[in-house]
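Trainee: Have a look at this one.
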Amino acid sequence: MSARSRMRVAPKRELIMRRIIPFLIVFTLLSFRSVQSQSARSVWDGVYTEGQAARGQTVFTAFCASCHSASEFNGDPFLGAWDASTALDLFSTMQTKMPMDNPGSLKPEEYVDVVAYFFRGNAFPAGKDELTTDREQLKLIRIERKKS
Ligand code: HEC
């Protein structure tokens, strides 16, 4: 390749970059926006579904009710312990410690369904999307006594 033809390549690349950069900027801004709206979530934003809470109740009855009553996880006892923590804190604690006689023996989906059941018990509103087992997502959901 001669020196001249190499020089002609540069402006072409520049042109391509000029076309790509605006897309990159828009893409970056859009993804930043979606991360921002995700980080603002709390249990008051409809983070589980009715069906999921119902499944969680079945899991609770089968694997937890031998040692716990559901009322331990409603109102003051629950909020006193979990207010200002995240759905991930609750999920992880249950997954690593419970059922006390066989910790971690349930599927991640079953633990997260029980979290949904506890949320319903505390009158946090249901929504249209289920609570997922994705730890990054769970970490973004704050447990709050009052809607802020
Ligand atoms: C064999 C009895 C037993 C079973 C079954 C059991 N638990 Fe527990 N759980 C306990 C005891 C005892 C404690 C209190 C001691 C502690 O916090 O470590 C406890 C504490 C907890 C806590 C509070 C933990 C903390 O560190 O704040 C949660 C939440 C919990 N259980 C959820 C569950 C769920 C959900 C299930 C069913 C999947 C379950 N437990 C099944 C005995 C049990």
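Chain labels follow the order of the structure tokens: the first chain is A, the next B, and so on; residue numbering restarts at 1 in every chain, and ligands are counted from 1 in their shown order.
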Among region 18-143 of chain A, which residues does DSSP mark as helix (DSSP H, G or I) when it is run on the backbone? Keep the chain and numbering as in the structure and answer as a count of residues only.
Mentor: 81
Trainee: Where does chain A meet ligand 1 within 9 Å, residue by residue, with the nearest atom pair and distance in Å to one decimal for each, counting only C-alpha atoms and all ligand atoms, listed by chain and rising number, as CSV?
Mentor:
```
residue,atom,partner,partner_atom_place_in_ligand_line,distance
A:Val59,CA,ligand 1,38 (C),7.0
A:Phe60,CA,ligand 1,37 (C),5.5
A:Thr61,CA,ligand 1,37 (C),8.2
A:Ala62,CA,ligand 1,37 (C),7.9
A:Phe63,CA,ligand 1,37 (C),4.7
A:Cys64,CA,ligand 1,37 (C),3.4
A:Ala65,CA,ligand 1,5 (C),6.8
A:Ser66,CA,ligand 1,5 (C),5.7
A:Cys67,CA,ligand 1,2 (C),4.4
A:His68,CA,ligand 1,7 (N),6.2
A:Glu72,CA,ligand 1,28 (C),8.8
A:Phe73,CA,ligand 1,29 (C),7.5
A:Phe78,CA,ligand 1,29 (C),8.4
A:Ala81,CA,ligand 1,27 (O),6.7
A:Trp82,CA,ligand 1,27 (O),8.1
A:Leu90,CA,ligand 1,29 (C),6.4
A:Phe91,CA,ligand 1,29 (C),8.2
A:Thr93,CA,ligand 1,26 (O),6.0
A:Met94,CA,ligand 1,32 (C),5.4
A:Gln95,CA,ligand 1,38 (C),7.9
A:Lys97,CA,ligand 1,18 (O),7.0
A:Met98,CA,ligand 1,39 (C),4.7
A:Pro99,CA,ligand 1,41 (C),3.5
A:Met100,CA,ligand 1,43 (C),4.4
A:Asp101,CA,ligand 1,1 (C),4.6
A:Asn102,CA,ligand 1,5 (C),7.7
A:Pro103,CA,ligand 1,38 (C),8.3
A:Gly104,CA,ligand 1,38 (C),8.6
A:Ser105,CA,ligand 1,38 (C),8.5
A:Leu106,CA,ligand 1,38 (C),7.1
A:Glu110,CA,ligand 1,38 (C),8.0
A:Tyr111,CA,ligand 1,38 (C),6.6
A:Val114,CA,ligand 1,35 (C),6.1
A:Val115,CA,ligand 1,35 (C),7.6
A:Phe118,CA,ligand 1,35 (C),8.8
```
Trainee: To one decimal place, how far is CA of Gly80 (chain A) from CA of Gly127 (chain A) in Å?
Mentor: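 Separation of CA of Gly80 (chain A) and CA of Gly127 (chain A): 24.2 Å.
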Trainee: From the set A:Arg142, A:Lys12, A:Arg19, A:Lys147, which residue has the shortest atom-to-atom contact distance to Leu88 (chain A), counting only C-alpha atoms?
Mentor: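 Of A:Arg142, A:Lys12, A:Arg19, A:Lys147, the one nearest Leu88 (chain A), counting only C-alpha atoms, is A:Arg142.
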Trainee: In terms of the shortest atom-to-atom distance over only C-alpha atoms, which of A:Val47, A:Leu138, A:Ile16, A:Ile143 is closest to Ala126 (chain A)?
Mentor: A:Val47
Trainee: Find the distance between CA of Phe119 (chain A) and CA of Glu136 (chain A) and write it in Å to one decimal.
Mentor: 18.7 Å
Trainee: Applying 6 Å and only C-alpha atoms, which residues near region 53-58 of chain A remain after dropping the ones on its own chain fewer than 4 positions away? List them as a ChimeraX atom specification.
Mentor: /A:113-114,116-117
